[in-house]
Amino acid sequence: MKRRQIRQWLIADVRVADRLSTVVGKLPPGSGVLVLFHDCTRREREKILRQLRRTSKRLMIVDEASGRAARVHNLRELRRALLARTAMILLSPIYPSASHPDWKPVPRMQAAAFARLAGRDLIALGGMNAKRFTRIERLGFQAWAAIDAFRI
């Protein structure tokens, strides 16, 4: 999957479902949307994806259920994603996150080691926003993703 150097990704899950089209409509061109919605049926997820594609043709839309993206939190999960040849790997959490307050952030140097081990683009997730991304980009991250940073 070629991501066209997308630098920021909205994580679309149940927390943004009621206002998804509004949030997506306000994303800058060249952004991406990673669709989670694990609790939906396949038909419901396909309906959401169609709606997203209709709402904005200027965004990259990826459904995690397709296997094209994986969120990893430790070395075991990173290894699993690499062996599955997952194109888009999101390392989480980089910073404390409101969505998972009990999860400890990955230490900075460990995150840098994961980026080097991945040998491909790694996306920072967890408590991220554009300002925080500038602080950790040099560790080996090519993009960042968030839910709360895009609250409307």
# chains A, B, ... in the order shown; residues from 1 in each chain; ligands from 1
>>> select_by_dssp(residues="range 25-140 of chain A", states="strand (DSSP E)", output="list of chain:residue names")
A:Gly32, A:Val33, A:Leu34, A:Val35, A:Met60, A:Ile61, A:Val62, A:Asp63, A:Ala69, A:Ala70, A:Arg71, A:Val72, A:Met88, A:Ile89, A:Leu90, A:Leu91, A:Leu122, A:Ile123, A:Ala124, A:Leu125
>>> residues_around(residues="range 118-122 of chain A", least_positions_apart="4", cutoff="6 Å", atoms="only C-alpha atoms", output="list in words")
Ile89, Leu90, Phe114, Phe141 and Gln142 of chain A
>>> residues_around(residues="Ile94 in chain A", least_positions_apart="2", cutoff="7 Å", atoms="only C-alpha atoms", output="PDB file with C-alpha atoms, in the first residue's frame")
ATOM      1  CA  SER A  92       1.139   3.107  20.557  1.00  0.00           C
ATOM      2  CA  PRO A  96      -0.256   9.346  27.706  1.00  0.00           C
ATOM      3  CA  PRO A 105       3.777   5.279  26.994  1.00  0.00           C
ATOM      4  CA  VAL A 106       6.529   3.475  25.109  1.00  0.00           C
ATOM      5  CA  ALA A 124       3.104   7.395  16.070  1.00  0.00           C
ATOM      6  CA  LEU A 125      -0.169   6.907  17.957  1.00  0.00           C
ATOM      7  CA  GLY A 126      -1.300   7.703  21.477  1.00  0.00           C
ATOM      8  CA  GLY A 127      -1.678  11.224  22.831  1.00  0.00           C
TER       9      GLY A 127
END
>>> closest_residue(among="A:Ala84, A:Gly67, A:Ala17, A:Asp102", to="Gln51 in chain A", atoms="only C-alpha atoms")
A:Ala17
>>> atom_distance(atom1="CA of Leu75 in chain A", atom2="CA of Met60 in chain A")
27.4 Å
>>> decode(residues="range 105-151 of chain A", atoms="N, CA and C atoms", output="PDB file, in the first residue's frame")
ATOM      1  N   PRO A 105       3.165   4.967  28.292  1.00  0.00           N
ATOM      2  CA  PRO A 105       3.777   5.279  26.994  1.00  0.00           C
ATOM      3  C   PRO A 105       5.048   4.453  26.763  1.00  0.00           C
ATOM      4  N   VAL A 106       5.303   4.166  25.494  1.00  0.00           N
ATOM      5  CA  VAL A 106       6.529   3.475  25.109  1.00  0.00           C
ATOM      6  C   VAL A 106       7.682   4.452  25.349  1.00  0.00           C
ATOM      7  N   PRO A 107       8.740   4.047  26.063  1.00  0.00           N
ATOM      8  CA  PRO A 107       9.877   4.956  26.268  1.00  0.00           C
ATOM      9  C   PRO A 107      10.455   5.422  24.925  1.00  0.00           C
ATOM     10  N   ARG A 108      10.950   6.660  24.896  1.00  0.00           N
ATOM     11  CA  ARG A 108      11.423   7.273  23.649  1.00  0.00           C
ATOM     12  C   ARG A 108      12.451   6.423  22.914  1.00  0.00           C
ATOM     13  N   MET A 109      13.460   5.938  23.610  1.00  0.00           N
ATOM     14  CA  MET A 109      14.507   5.181  22.932  1.00  0.00           C
ATOM     15  C   MET A 109      14.004   3.811  22.481  1.00  0.00           C
ATOM     16  N   GLN A 110      13.068   3.258  23.201  1.00  0.00           N
ATOM     17  CA  GLN A 110      12.448   2.002  22.761  1.00  0.00           C
ATOM     18  C   GLN A 110      11.627   2.249  21.497  1.00  0.00           C
ATOM     19  N   ALA A 111      10.923   3.376  21.445  1.00  0.00           N
ATOM     20  CA  ALA A 111      10.162   3.733  20.243  1.00  0.00           C
ATOM     21  C   ALA A 111      11.104   3.904  19.054  1.00  0.00           C
ATOM     22  N   ALA A 112      12.257   4.536  19.281  1.00  0.00           N
ATOM     23  CA  ALA A 112      13.243   4.704  18.209  1.00  0.00           C
ATOM     24  C   ALA A 112      13.775   3.350  17.750  1.00  0.00           C
ATOM     25  N   ALA A 113      14.006   2.442  18.701  1.00  0.00           N
ATOM     26  CA  ALA A 113      14.480   1.092  18.345  1.00  0.00           C
ATOM     27  C   ALA A 113      13.421   0.346  17.541  1.00  0.00           C
ATOM     28  N   PHE A 114      12.159   0.470  17.916  1.00  0.00           N
ATOM     29  CA  PHE A 114      11.070  -0.168  17.159  1.00  0.00           C
ATOM     30  C   PHE A 114      11.020   0.381  15.736  1.00  0.00           C
ATOM     31  N   ALA A 115      11.202   1.699  15.593  1.00  0.00           N
ATOM     32  CA  ALA A 115      11.182   2.313  14.260  1.00  0.00           C
ATOM     33  C   ALA A 115      12.315   1.754  13.408  1.00  0.00           C
ATOM     34  N   ARG A 116      13.476   1.597  14.004  1.00  0.00           N
ATOM     35  CA  ARG A 116      14.624   1.048  13.265  1.00  0.00           C
ATOM     36  C   ARG A 116      14.385  -0.421  12.929  1.00  0.00           C
ATOM     37  N   LEU A 117      13.857  -1.196  13.879  1.00  0.00           N
ATOM     38  CA  LEU A 117      13.582  -2.612  13.638  1.00  0.00           C
ATOM     39  C   LEU A 117      12.522  -2.814  12.561  1.00  0.00           C
ATOM     40  N   ALA A 118      11.554  -1.919  12.521  1.00  0.00           N
ATOM     41  CA  ALA A 118      10.468  -2.059  11.555  1.00  0.00           C
ATOM     42  C   ALA A 118      11.000  -1.965  10.128  1.00  0.00           C
ATOM     43  N   GLY A 119      12.018  -1.147   9.916  1.00  0.00           N
ATOM     44  CA  GLY A 119      12.598  -1.022   8.598  1.00  0.00           C
ATOM     45  C   GLY A 119      11.640  -0.445   7.567  1.00  0.00           C
ATOM     46  N   ARG A 120      10.631   0.223   8.031  1.00  0.00           N
ATOM     47  CA  ARG A 120       9.640   0.843   7.144  1.00  0.00           C
ATOM     48  C   ARG A 120       8.985   1.982   7.895  1.00  0.00           C
ATOM     49  N   ASP A 121       8.077   2.662   7.221  1.00  0.00           N
ATOM     50  CA  ASP A 121       7.381   3.775   7.866  1.00  0.00           C
ATOM     51  C   ASP A 121       6.646   3.293   9.105  1.00  0.00           C
ATOM     52  N   LEU A 122       6.825   4.023  10.187  1.00  0.00           N
ATOM     53  CA  LEU A 122       6.124   3.731  11.427  1.00  0.00           C
ATOM     54  C   LEU A 122       5.331   4.978  11.797  1.00  0.00           C
ATOM     55  N   ILE A 123       4.119   4.788  12.247  1.00  0.00           N
ATOM     56  CA  ILE A 123       3.234   5.894  12.563  1.00  0.00           C
ATOM     57  C   ILE A 123       3.059   5.972  14.077  1.00  0.00           C
ATOM     58  N   ALA A 124       3.227   7.168  14.635  1.00  0.00           N
ATOM     59  CA  ALA A 124       3.104   7.395  16.070  1.00  0.00           C
ATOM     60  C   ALA A 124       1.635   7.556  16.450  1.00  0.00           C
ATOM     61  N   LEU A 125       1.218   6.865  17.494  1.00  0.00           N
ATOM     62  CA  LEU A 125      -0.169   6.907  17.957  1.00  0.00           C
ATOM     63  C   LEU A 125      -0.170   6.974  19.474  1.00  0.00           C
ATOM     64  N   GLY A 126      -1.161   7.638  20.025  1.00  0.00           N
ATOM     65  CA  GLY A 126      -1.300   7.703  21.477  1.00  0.00           C
ATOM     66  C   GLY A 126      -0.926   9.059  22.013  1.00  0.00           C
ATOM     67  N   GLY A 127      -1.926   9.893  22.285  1.00  0.00           N
ATOM     68  CA  GLY A 127      -1.678  11.224  22.831  1.00  0.00           C
ATOM     69  C   GLY A 127      -1.026  12.162  21.829  1.00  0.00           C
ATOM     70  N   MET A 128      -1.119  11.843  20.552  1.00  0.00           N
ATOM     71  CA  MET A 128      -0.414  12.607  19.528  1.00  0.00           C
ATOM     72  C   MET A 128      -1.202  13.824  19.055  1.00  0.00           C
ATOM     73  N   ASN A 129      -0.443  14.825  18.624  1.00  0.00           N
ATOM     74  CA  ASN A 129      -0.952  15.982  17.893  1.00  0.00           C
ATOM     75  C   ASN A 129       0.212  16.498  17.047  1.00  0.00           C
ATOM     76  N   ALA A 130      -0.012  17.492  16.240  1.00  0.00           N
ATOM     77  CA  ALA A 130       1.020  17.975  15.323  1.00  0.00           C
ATOM     78  C   ALA A 130       2.259  18.481  16.064  1.00  0.00           C
ATOM     79  N   LYS A 131       2.068  19.194  17.165  1.00  0.00           N
ATOM     80  CA  LYS A 131       3.205  19.735  17.925  1.00  0.00           C
ATOM     81  C   LYS A 131       4.050  18.600  18.524  1.00  0.00           C
ATOM     82  N   ARG A 132       3.393  17.602  19.098  1.00  0.00           N
ATOM     83  CA  ARG A 132       4.135  16.480  19.677  1.00  0.00           C
ATOM     84  C   ARG A 132       4.857  15.682  18.598  1.00  0.00           C
ATOM     85  N   PHE A 133       4.271  15.605  17.413  1.00  0.00           N
ATOM     86  CA  PHE A 133       4.923  14.871  16.338  1.00  0.00           C
ATOM     87  C   PHE A 133       6.266  15.494  15.976  1.00  0.00           C
ATOM     88  N   THR A 134       6.353  16.827  15.994  1.00  0.00           N
ATOM     89  CA  THR A 134       7.631  17.470  15.667  1.00  0.00           C
ATOM     90  C   THR A 134       8.719  17.075  16.661  1.00  0.00           C
ATOM     91  N   ARG A 135       8.338  16.733  17.896  1.00  0.00           N
ATOM     92  CA  ARG A 135       9.309  16.323  18.920  1.00  0.00           C
ATOM     93  C   ARG A 135       9.824  14.895  18.720  1.00  0.00           C
ATOM     94  N   ILE A 136       8.996  14.037  18.144  1.00  0.00           N
ATOM     95  CA  ILE A 136       9.394  12.625  18.049  1.00  0.00           C
ATOM     96  C   ILE A 136       9.671  12.161  16.617  1.00  0.00           C
ATOM     97  N   GLU A 137       9.453  13.016  15.644  1.00  0.00           N
ATOM     98  CA  GLU A 137       9.637  12.630  14.243  1.00  0.00           C
ATOM     99  C   GLU A 137      11.044  12.093  13.991  1.00  0.00           C
ATOM    100  N   ARG A 138      12.041  12.717  14.566  1.00  0.00           N
ATOM    101  CA  ARG A 138      13.432  12.307  14.320  1.00  0.00           C
ATOM    102  C   ARG A 138      13.775  10.931  14.894  1.00  0.00           C
ATOM    103  N   LEU A 139      12.882  10.373  15.711  1.00  0.00           N
ATOM    104  CA  LEU A 139      13.102   9.020  16.230  1.00  0.00           C
ATOM    105  C   LEU A 139      12.873   7.957  15.160  1.00  0.00           C
ATOM    106  N   GLY A 140      12.301   8.351  14.025  1.00  0.00           N
ATOM    107  CA  GLY A 140      12.081   7.414  12.936  1.00  0.00           C
ATOM    108  C   GLY A 140      10.634   7.287  12.508  1.00  0.00           C
ATOM    109  N   PHE A 141       9.785   8.184  12.981  1.00  0.00           N
ATOM    110  CA  PHE A 141       8.372   8.154  12.607  1.00  0.00           C
ATOM    111  C   PHE A 141       8.147   8.990  11.351  1.00  0.00           C
ATOM    112  N   GLN A 142       7.286   8.501  10.472  1.00  0.00           N
ATOM    113  CA  GLN A 142       6.970   9.228   9.255  1.00  0.00           C
ATOM    114  C   GLN A 142       5.638   9.963   9.340  1.00  0.00           C
ATOM    115  N   ALA A 143       4.799   9.594  10.299  1.00  0.00           N
ATOM    116  CA  ALA A 143       3.475  10.203  10.400  1.00  0.00           C
ATOM    117  C   ALA A 143       2.952  10.021  11.822  1.00  0.00           C
ATOM    118  N   TRP A 144       1.820  10.640  12.097  1.00  0.00           N
ATOM    119  CA  TRP A 144       1.176  10.500  13.396  1.00  0.00           C
ATOM    120  C   TRP A 144      -0.315  10.278  13.193  1.00  0.00           C
ATOM    121  N   ALA A 145      -0.937   9.692  14.222  1.00  0.00           N
ATOM    122  CA  ALA A 145      -2.370   9.384  14.167  1.00  0.00           C
ATOM    123  C   ALA A 145      -2.987   9.700  15.523  1.00  0.00           C
ATOM    124  N   ALA A 146      -4.274  10.040  15.502  1.00  0.00           N
ATOM    125  CA  ALA A 146      -4.955  10.395  16.753  1.00  0.00           C
ATOM    126  C   ALA A 146      -6.458  10.361  16.575  1.00  0.00           C
ATOM    127  N   ILE A 147      -7.133  10.328  17.706  1.00  0.00           N
ATOM    128  CA  ILE A 147      -8.577  10.525  17.749  1.00  0.00           C
ATOM    129  C   ILE A 147      -8.838  11.914  18.326  1.00  0.00           C
ATOM    130  N   ASP A 148      -8.337  12.149  19.528  1.00  0.00           N
ATOM    131  CA  ASP A 148      -8.650  13.368  20.271  1.00  0.00           C
ATOM    132  C   ASP A 148      -8.102  14.638  19.633  1.00  0.00           C
ATOM    133  N   ALA A 149      -7.015  14.564  18.894  1.00  0.00           N
ATOM    134  CA  ALA A 149      -6.439  15.769  18.276  1.00  0.00           C
ATOM    135  C   ALA A 149      -7.379  16.375  17.237  1.00  0.00           C
ATOM    136  N   PHE A 150      -8.337  15.585  16.758  1.00  0.00           N
ATOM    137  CA  PHE A 150      -9.249  16.055  15.715  1.00  0.00           C
ATOM    138  C   PHE A 150     -10.648  16.349  16.243  1.00  0.00           C
ATOM    139  N   ARG A 151     -10.796  16.456  17.558  1.00  0.00           N
ATOM    140  CA  ARG A 151     -12.122  16.737  18.120  1.00  0.00           C
ATOM    141  C   ARG A 151     -12.660  18.058  17.605  1.00  0.00           C
TER     142      ARG A 151
END
